[in-house]
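Chemist: Got work19.pdb for you, PDB, C-alpha atoms, pLDDT in the B column:
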```pdb
ATOM      1  CA  MET A   1       0.646   5.543   5.939  1.00 67.00           C
ATOM      2  CA  GLY A   2      -0.935   3.584   3.148  1.00 93.00           C
ATOM      3  CA  LYS A   3      -1.124   3.484  -0.602  1.00 97.00           C
ATOM      4  CA  PHE A   4      -4.467   3.131  -2.324  1.00 98.00           C
ATOM      5  CA  GLY A   5      -4.952   2.398  -6.005  1.00 98.00           C
ATOM      6  CA  LEU A   6      -7.886   3.794  -7.946  1.00 98.00           C
ATOM      7  CA  GLN A   7      -9.076   1.082 -10.294  1.00 98.00           C
ATOM      8  CA  PHE A   8     -11.048   2.165 -13.344  1.00 98.00           C
ATOM      9  CA  LYS A   9     -13.325  -0.024 -15.435  1.00 98.00           C
ATOM     10  CA  ALA A  10     -15.252   0.830 -18.595  1.00 98.00           C
ATOM     11  CA  THR A  11     -16.396  -0.595 -21.892  1.00 98.00           C
ATOM     12  CA  LEU A  12     -14.393   1.032 -24.684  1.00 98.00           C
ATOM     13  CA  GLU A  13     -15.710   1.286 -28.240  1.00 98.00           C
ATOM     14  CA  ASN A  14     -13.046   2.045 -30.865  1.00 98.00           C
ATOM     15  CA  VAL A  15     -10.901   4.102 -28.460  1.00 98.00           C
ATOM     16  CA  THR A  16      -7.788   3.459 -26.407  1.00 98.00           C
ATOM     17  CA  ASN A  17      -5.366   5.369 -24.167  1.00 98.00           C
ATOM     18  CA  VAL A  18      -8.057   6.899 -21.916  1.00 98.00           C
ATOM     19  CA  ARG A  19      -6.123   9.128 -19.537  1.00 98.00           C
ATOM     20  CA  PRO A  20      -6.253  12.209 -17.348  1.00 98.00           C
ATOM     21  CA  VAL A  21      -4.666  15.236 -19.020  1.00 97.00           C
ATOM     22  CA  GLY A  22      -2.286  17.692 -17.420  1.00 97.00           C
ATOM     23  CA  ASP A  23      -0.956  18.417 -13.961  1.00 97.00           C
ATOM     24  CA  ASP A  24      -4.150  20.398 -13.313  1.00 97.00           C
ATOM     25  CA  PHE A  25      -6.386  17.313 -13.777  1.00 98.00           C
ATOM     26  CA  ARG A  26      -8.816  17.210 -10.861  1.00 98.00           C
ATOM     27  CA  TRP A  27      -9.186  13.910  -9.018  1.00 98.00           C
ATOM     28  CA  TYR A  28     -12.585  14.275  -7.273  1.00 98.00           C
ATOM     29  CA  LEU A  29     -12.646  12.139  -4.133  1.00 98.00           C
ATOM     30  CA  LYS A  30     -14.575  11.509  -0.954  1.00 97.00           C
ATOM     31  CA  LEU A  31     -12.228  10.794   1.927  1.00 97.00           C
ATOM     32  CA  LYS A  32     -12.631   8.944   5.207  1.00 96.00           C
ATOM     33  CA  CYS A  33     -10.696   9.854   8.359  1.00 96.00           C
ATOM     34  CA  GLY A  34      -8.715   6.837   9.557  1.00 94.00           C
ATOM     35  CA  ASN A  35      -8.990   8.012  13.155  1.00 95.00           C
ATOM     36  CA  CYS A  36     -12.725   8.587  13.653  1.00 96.00           C
ATOM     37  CA  GLY A  37     -14.282   7.215  10.436  1.00 96.00           C
ATOM     38  CA  GLU A  38     -15.855  10.537   9.364  1.00 95.00           C
ATOM     39  CA  VAL A  39     -16.502  10.632   5.586  1.00 95.00           C
ATOM     40  CA  SER A  40     -16.485  13.987   3.793  1.00 89.00           C
ATOM     41  CA  ASP A  41     -19.960  14.855   2.559  1.00 90.00           C
ATOM     42  CA  LYS A  42     -18.664  17.070  -0.262  1.00 93.00           C
ATOM     43  CA  TRP A  43     -16.481  16.096  -3.195  1.00 97.00           C
ATOM     44  CA  GLN A  44     -12.925  17.320  -2.754  1.00 96.00           C
ATOM     45  CA  TYR A  45     -10.392  17.462  -5.529  1.00 97.00           C
ATOM     46  CA  ILE A  46      -6.640  17.235  -5.641  1.00 97.00           C
ATOM     47  CA  THR A  47      -4.246  17.930  -8.510  1.00 98.00           C
ATOM     48  CA  LEU A  48      -0.559  17.343  -9.172  1.00 97.00           C
ATOM     49  CA  LEU A  49      -0.125  21.132  -9.006  1.00 97.00           C
ATOM     50  CA  ASP A  50      -1.290  21.252  -5.383  1.00 95.00           C
ATOM     51  CA  SER A  51       1.453  21.082  -2.791  1.00 94.00           C
ATOM     52  CA  MET A  52       0.931  21.853   0.871  1.00 93.00           C
ATOM     53  CA  PRO A  53       3.603  21.531   3.564  1.00 92.00           C
ATOM     54  CA  LEU A  54       3.178  18.774   6.139  1.00 87.00           C
ATOM     55  CA  LYS A  55       3.317  19.643   9.832  1.00 82.00           C
ATOM     56  CA  GLY A  56       6.781  19.308  11.305  1.00 77.00           C
ATOM     57  CA  GLY A  57       8.567  19.958   8.007  1.00 73.00           C
ATOM     58  CA  ARG A  58       8.188  16.380   6.729  1.00 76.00           C
ATOM     59  CA  GLY A  59       7.786  17.281   3.071  1.00 86.00           C
ATOM     60  CA  SER A  60       4.539  18.086   1.298  1.00 92.00           C
ATOM     61  CA  ALA A  61       1.341  16.497  -0.004  1.00 95.00           C
ATOM     62  CA  SER A  62      -1.345  17.291  -2.585  1.00 96.00           C
ATOM     63  CA  MET A  63      -3.811  17.974   0.238  1.00 96.00           C
ATOM     64  CA  VAL A  64      -3.424  18.458   3.965  1.00 95.00           C
ATOM     65  CA  GLN A  65      -6.624  18.842   5.977  1.00 93.00           C
ATOM     66  CA  LYS A  66      -7.932  18.685   9.491  1.00 92.00           C
ATOM     67  CA  CYS A  67     -10.797  16.300  10.174  1.00 94.00           C
ATOM     68  CA  LYS A  68     -13.941  18.277  11.067  1.00 91.00           C
ATOM     69  CA  LEU A  69     -14.894  15.728  13.716  1.00 93.00           C
ATOM     70  CA  CYS A  70     -11.666  14.763  15.513  1.00 95.00           C
ATOM     71  CA  SER A  71      -9.338  17.604  14.377  1.00 94.00           C
ATOM     72  CA  ARG A  72      -6.620  15.170  13.317  1.00 94.00           C
ATOM     73  CA  GLU A  73      -4.389  16.415  10.502  1.00 93.00           C
ATOM     74  CA  ASN A  74      -4.471  14.049   7.528  1.00 95.00           C
ATOM     75  CA  SER A  75      -2.893  14.170   4.083  1.00 96.00           C
ATOM     76  CA  ILE A  76      -3.136  12.609   0.640  1.00 97.00           C
ATOM     77  CA  ASP A  77      -0.621  12.763  -2.173  1.00 97.00           C
ATOM     78  CA  ILE A  78      -0.941  11.737  -5.828  1.00 97.00           C
ATOM     79  CA  LEU A  79       1.905   9.435  -6.862  1.00 97.00           C
ATOM     80  CA  ARG A  80       2.745  10.962 -10.271  1.00 97.00           C
ATOM     81  CA  ASP A  81       4.658   7.933 -11.586  1.00 97.00           C
ATOM     82  CA  THR A  82       1.657   5.621 -11.074  1.00 98.00           C
ATOM     83  CA  ILE A  83      -0.705   7.446 -13.480  1.00 98.00           C
ATOM     84  CA  THR A  84      -1.427   4.943 -16.261  1.00 98.00           C
ATOM     85  CA  PRO A  85      -3.761   5.079 -19.285  1.00 98.00           C
ATOM     86  CA  TYR A  86      -6.714   2.722 -19.648  1.00 98.00           C
ATOM     87  CA  ASN A  87      -6.343   0.951 -23.008  1.00 98.00           C
ATOM     88  CA  ALA A  88      -8.571  -1.030 -25.384  1.00 97.00           C
ATOM     89  CA  GLU A  89      -7.193  -4.343 -24.056  1.00 98.00           C
ATOM     90  CA  ASP A  90      -8.250  -3.280 -20.528  1.00 98.00           C
ATOM     91  CA  SER A  91     -11.881  -2.839 -21.602  1.00 98.00           C
ATOM     92  CA  GLU A  92     -14.404  -4.320 -19.148  1.00 98.00           C
ATOM     93  CA  ARG A  93     -11.673  -5.112 -16.572  1.00 98.00           C
ATOM     94  CA  PHE A  94     -10.514  -3.205 -13.521  1.00 98.00           C
ATOM     95  CA  LYS A  95      -7.115  -1.539 -13.937  1.00 98.00           C
ATOM     96  CA  THR A  96      -5.265   0.715 -11.494  1.00 98.00           C
ATOM     97  CA  ILE A  97      -4.882   4.120 -13.183  1.00 98.00           C
ATOM     98  CA  VAL A  98      -3.370   6.059 -10.246  1.00 98.00           C
ATOM     99  CA  GLN A  99      -2.153   5.531  -6.692  1.00 98.00           C
ATOM    100  CA  PHE A 100      -2.501   7.848  -3.716  1.00 98.00           C
ATOM    101  CA  GLU A 101      -0.273   7.921  -0.662  1.00 97.00           C
ATOM    102  CA  CYS A 102      -2.503   8.529   2.333  1.00 97.00           C
ATOM    103  CA  ARG A 103      -1.634   9.501   5.887  1.00 94.00           C
ATOM    104  CA  GLY A 104      -4.603   9.259   8.217  1.00 95.00           C
ATOM    105  CA  LEU A 105      -7.232   8.971   5.519  1.00 95.00           C
ATOM    106  CA  GLU A 106      -8.634   6.655   2.936  1.00 96.00           C
ATOM    107  CA  PRO A 107     -10.321   7.438  -0.391  1.00 97.00           C
ATOM    108  CA  VAL A 108     -13.801   5.880  -0.436  1.00 97.00           C
ATOM    109  CA  ASP A 109     -15.371   7.314  -3.596  1.00 98.00           C
ATOM    110  CA  PHE A 110     -14.273   8.819  -6.930  1.00 98.00           C
ATOM    111  CA  GLN A 111     -16.229  10.948  -9.371  1.00 97.00           C
ATOM    112  CA  PRO A 112     -14.796  11.164 -12.890  1.00 97.00           C
ATOM    113  CA  GLN A 113     -15.418  14.540 -14.486  1.00 96.00           C
ATOM    114  CA  ALA A 114     -13.879  16.591 -17.306  1.00 97.00           C
ATOM    115  CA  GLY A 115     -10.234  16.430 -18.260  1.00 98.00           C
ATOM    116  CA  PHE A 116      -9.880  12.983 -19.790  1.00 98.00           C
ATOM    117  CA  ALA A 117      -8.563  12.307 -23.288  1.00 98.00           C
ATOM    118  CA  ALA A 118      -8.458   9.259 -25.556  1.00 98.00           C
ATOM    119  CA  SER A 119      -7.199   8.162 -28.957  1.00 98.00           C
ATOM    120  CA  GLY A 120      -8.917   6.328 -31.774  1.00 97.00           C
ATOM    121  CA  ALA A 121      -8.194   2.591 -31.507  1.00 96.00           C
ATOM    122  CA  GLU A 122      -7.456   2.187 -35.244  1.00 94.00           C
ATOM    123  CA  THR A 123      -6.593   5.790 -36.126  1.00 95.00           C
ATOM    124  CA  THR A 124      -4.519   8.670 -34.788  1.00 90.00           C
ATOM    125  CA  THR A 125      -7.647  10.683 -34.018  1.00 97.00           C
ATOM    126  CA  GLN A 126      -7.351  12.490 -30.685  1.00 98.00           C
ATOM    127  CA  PHE A 127     -10.322  13.128 -28.427  1.00 98.00           C
ATOM    128  CA  PRO A 128      -8.944  15.780 -26.012  1.00 97.00           C
ATOM    129  CA  GLU A 129     -12.055  16.956 -24.113  1.00 96.00           C
ATOM    130  CA  ILE A 130     -13.781  13.979 -22.513  1.00 98.00           C
ATOM    131  CA  ASN A 131     -16.148  14.423 -19.585  1.00 98.00           C
ATOM    132  CA  LEU A 132     -17.032  11.171 -17.795  1.00 98.00           C
ATOM    133  CA  GLN A 133     -19.330  12.643 -15.148  1.00 97.00           C
ATOM    134  CA  GLU A 134     -22.319  10.840 -16.682  1.00 97.00           C
ATOM    135  CA  ASN A 135     -20.277   7.567 -16.763  1.00 97.00           C
ATOM    136  CA  ASP A 136     -20.736   7.468 -20.555  1.00 97.00           C
ATOM    137  CA  TRP A 137     -19.212   9.425 -23.453  1.00 98.00           C
ATOM    138  CA  THR A 138     -19.732   9.148 -27.214  1.00 98.00           C
ATOM    139  CA  ASP A 139     -18.280  10.806 -30.295  1.00 98.00           C
ATOM    140  CA  TYR A 140     -17.505  10.025 -33.928  1.00 97.00           C
ATOM    141  CA  ASP A 141     -14.122   9.191 -35.476  1.00 97.00           C
ATOM    142  CA  GLU A 142     -14.138  10.804 -38.946  1.00 96.00           C
ATOM    143  CA  LYS A 143     -10.974   8.964 -40.075  1.00 96.00           C
ATOM    144  CA  ALA A 144     -12.407   5.538 -39.246  1.00 96.00           C
ATOM    145  CA  SER A 145     -16.012   6.478 -40.105  1.00 96.00           C
ATOM    146  CA  GLU A 146     -17.243   4.866 -36.900  1.00 97.00           C
ATOM    147  CA  SER A 147     -18.719   5.833 -33.592  1.00 98.00           C
ATOM    148  CA  VAL A 148     -16.510   5.824 -30.514  1.00 98.00           C
ATOM    149  CA  GLY A 149     -17.436   5.685 -26.871  1.00 98.00           C
ATOM    150  CA  ILE A 150     -16.630   5.015 -23.263  1.00 98.00           C
ATOM    151  CA  TYR A 151     -19.495   3.303 -21.447  1.00 98.00           C
ATOM    152  CA  GLU A 152     -20.448   2.014 -17.987  1.00 98.00           C
ATOM    153  CA  VAL A 153     -17.586   3.745 -16.186  1.00 98.00           C
ATOM    154  CA  THR A 154     -17.109   2.401 -12.692  1.00 98.00           C
ATOM    155  CA  HIS A 155     -14.302   2.234 -10.158  1.00 98.00           C
ATOM    156  CA  GLN A 156     -13.032   0.721  -6.939  1.00 98.00           C
ATOM    157  CA  PHE A 157     -10.180   1.363  -4.532  1.00 98.00           C
ATOM    158  CA  ILE A 158      -7.621  -1.232  -3.549  1.00 98.00           C
ATOM    159  CA  LYS A 159      -4.910  -1.197  -0.909  1.00 97.00           C
ATOM    160  CA  CYS A 160      -1.473  -1.348  -2.550  1.00 96.00           C
TER     161      CYS A 160
END
```
Go through the file and emit its structure as structure tokens.

Modeler:
Amino acid sequence: MGKFGLQFKATLENVTNVRPVGDDFRWYLKLKCGNCGEVSDKWQYITLLDSMPLKGGRGSASMVQKCKLCSRENSIDILRDTITPYNAEDSERFKTIVQFECRGLEPVDFQPQAGFAASGAETTTQFPEINLQENDWTDYDEKASESVGIYEVTHQFIKC
């Protein structure tokens, strides 16, 4: 059993508090089996709403799956209390925004998509529908009369 942190890094322009929104936010991951090393070829997503029972009645996890290659049952769970916003002062530095508890697997890739939100850095303007699939996002803050953006989104995983 291991904990892995997803570290997010981006250049923020006039925005702060970049965060996933809602329990239905989809964390798109590629996962590697800890037993045989098989990496999923398709993106898989997990949400806080997902809850599947673990074999043997040992609680539940966000996702429980059998490895296609070795048939080992593995699981991954989102640790709700570790979800943290990425703020203006974090700009251009890696920051852990969520942790996953993994049994038998390891996250190896992340694809940000829709479902992020942010706030204007100098205003109360809310930007509720941010899609980071292209690793860049731009908009305009009417209250501040300035452009806003999230650029050069990248990530890495660390063992916690």

Chemist: Calculated over all atoms listed in the file, which of the candidates A:Gln99, A:Ser91, A:Asn35, A:Thr47 has the smallest distance to A:Lys68?

Modeler: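 Closest residue, counting all atoms listed in the file: A:Asn35.
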
Chemist: Output as lines of an AutoDock Vina configuration file the centre and edge lengths (Å, one decimal) of the box along x, y and z of the file that holds every listed atom of stretch 99-108 of chain A after adding 4 Å on each side.

Modeler:
```
center_x = -7.0
center_y = 7.5
center_z = 0.8
size_x = 21.5
size_y = 12.0
size_z = 22.9
```

Chemist: So what does the PyMOL selection byres ((chain A and resi 50) around 9) actually pick up in this one, as a ChimeraX atom specification?

Modeler: /A:24,46-49,51-52,61-63

Chemist: Write the residues of the preceding selection, restricted to C-alpha atoms, as a CSV table (one decimal), keeping the file's coordinate frame.

Modeler:
```csv
chain,number,residue,atom,x,y,z
A,24,ASP,CA,-4.2,20.4,-13.3
A,46,ILE,CA,-6.6,17.2,-5.6
A,47,THR,CA,-4.2,17.9,-8.5
A,48,LEU,CA,-0.6,17.3,-9.2
A,49,LEU,CA,-0.1,21.1,-9.0
A,51,SER,CA,1.5,21.1,-2.8
A,52,MET,CA,0.9,21.9,0.9
A,61,ALA,CA,1.3,16.5,0.0
A,62,SER,CA,-1.3,17.3,-2.6
A,63,MET,CA,-3.8,18.0,0.2
```

Chemist: Quick one: everything within 7 Å of stretch 6-15 of chain A, counting only C-alpha atoms, minus sequence neighbours fewer than 6 positions away in the same chain. Send it as a PyMOL selection string.

Modeler: chain A and resi 88+91-99+118-121+148-158

Chemist: Deliver the residues from the most recent selection as a file, using C-alpha atoms, as a compact mmCIF listing (two decimals), keeping the file's coordinate frame.

Modeler:
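The file below, again-v3.txt, is the result:
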```
# COMPACT_ATOMS: atom_id res chain seq x y z
CA ALA A 88 -8.57 -1.03 -25.38
CA SER A 91 -11.88 -2.84 -21.60
CA GLU A 92 -14.40 -4.32 -19.15
CA ARG A 93 -11.67 -5.11 -16.57
CA PHE A 94 -10.51 -3.20 -13.52
CA LYS A 95 -7.12 -1.54 -13.94
CA THR A 96 -5.26 0.72 -11.49
CA ILE A 97 -4.88 4.12 -13.18
CA VAL A 98 -3.37 6.06 -10.25
CA GLN A 99 -2.15 5.53 -6.69
CA ALA A 118 -8.46 9.26 -25.56
CA SER A 119 -7.20 8.16 -28.96
CA GLY A 120 -8.92 6.33 -31.77
CA ALA A 121 -8.19 2.59 -31.51
CA VAL A 148 -16.51 5.82 -30.51
CA GLY A 149 -17.44 5.68 -26.87
CA ILE A 150 -16.63 5.01 -23.26
CA TYR A 151 -19.50 3.30 -21.45
CA GLU A 152 -20.45 2.01 -17.99
CA VAL A 153 -17.59 3.74 -16.19
CA THR A 154 -17.11 2.40 -12.69
CA HIS A 155 -14.30 2.23 -10.16
CA GLN A 156 -13.03 0.72 -6.94
CA PHE A 157 -10.18 1.36 -4.53
CA ILE A 158 -7.62 -1.23 -3.55
```

Chemist: Restricting the calculation to all atoms listed in the file, which member of A:Asp23, A:Glu38, A:Glu134, A:Asp141 is positioned closest to A:Leu79?

Modeler: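 Smallest distance to A:Leu79 is found for A:Asp23.
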
Chemist: Take atom CA of A:Ala117 and atom CA of A:Phe100 and report the distance between them in Å, one decimal.

Modeler: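 Pair atom CA of A:Ala117 / atom CA of A:Phe100 returns 21.0 Å.
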
Chemist: Between A:Gln133, A:Gly34, A:Ser147, A:Thr84, which is the closest to A:Gly2 once you count only C-alpha atoms?

Modeler: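 Residue with the minimum atom-to-atom distance to A:Gly2: A:Gly34.
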
Chemist: Quick one: which residues end up in the PyMOL selection byres ((chain A and resi 20) around 10) for this structure, as an MDAnalysis selection string?

Modeler: chainID A and resid 17:19 21:27 83:86 97:98 112:118 128 130

Chemist: To one decimal in Å, tell me the separation between atom CA of A:Thr124 and atom CA of A:Gln111.

Modeler: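 Atom CA of A:Gln111 lies 28.1 Å from atom CA of A:Thr124.
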
Chemist: For each of A:Leu69, A:Cys102, A:Val64, A:Ala144, take the minimum atom-to-atom distance to A:Lys3, counting only C-alpha atoms, then give the residue where this is smallest.

Modeler: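 Using only C-alpha atoms, the shortest distance to A:Lys3 belongs to A:Cys102.
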
Chemist: To one decimal in Å, tell me the separation between atom CA of A:Pro53 and atom CA of A:Arg103.

Modeler: 13.3 Å

Chemist: Counting all atoms listed in the file, which residues come within 10 Å of (-12.7, 12.1, 4.4), with the point read in the file's coordinates, and could you list them as an mmCIF file with C-alpha atoms, keeping the file's coordinate frame?

Modeler:
```
data_model
loop_
_atom_site.group_PDB
_atom_site.id
_atom_site.type_symbol
_atom_site.label_atom_id
_atom_site.label_comp_id
_atom_site.auth_asym_id
_atom_site.auth_seq_id
_atom_site.Cartn_x
_atom_site.Cartn_y
_atom_site.Cartn_z
ATOM 1 C CA LEU A 29 -12.646 12.139 -4.133
ATOM 2 C CA LYS A 30 -14.575 11.509 -0.954
ATOM 3 C CA LEU A 31 -12.228 10.794 1.927
ATOM 4 C CA LYS A 32 -12.631 8.944 5.207
ATOM 5 C CA CYS A 33 -10.696 9.854 8.359
ATOM 6 C CA GLY A 34 -8.715 6.837 9.557
ATOM 7 C CA CYS A 36 -12.725 8.587 13.653
ATOM 8 C CA GLY A 37 -14.282 7.215 10.436
ATOM 9 C CA GLU A 38 -15.855 10.537 9.364
ATOM 10 C CA VAL A 39 -16.502 10.632 5.586
ATOM 11 C CA SER A 40 -16.485 13.987 3.793
ATOM 12 C CA ASP A 41 -19.960 14.855 2.559
ATOM 13 C CA LYS A 42 -18.664 17.070 -0.262
ATOM 14 C CA TRP A 43 -16.481 16.096 -3.195
ATOM 15 C CA GLN A 44 -12.925 17.320 -2.754
ATOM 16 C CA GLN A 65 -6.624 18.842 5.977
ATOM 17 C CA LYS A 66 -7.932 18.685 9.491
ATOM 18 C CA CYS A 67 -10.797 16.300 10.174
ATOM 19 C CA LYS A 68 -13.941 18.277 11.067
ATOM 20 C CA ASN A 74 -4.471 14.049 7.528
ATOM 21 C CA GLY A 104 -4.603 9.259 8.217
ATOM 22 C CA LEU A 105 -7.232 8.971 5.519
ATOM 23 C CA GLU A 106 -8.634 6.655 2.936
ATOM 24 C CA PRO A 107 -10.321 7.438 -0.391
ATOM 25 C CA VAL A 108 -13.801 5.880 -0.436
ATOM 26 C CA ASP A 109 -15.371 7.314 -3.596
#
```

Chemist: Nearest residue to A:Thr16 out of A:Asn87, A:Ser75, A:Gln126, A:Asn135, using all atoms listed in the file?

Modeler: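 Result for the nearest residue to A:Thr16: A:Asn87.
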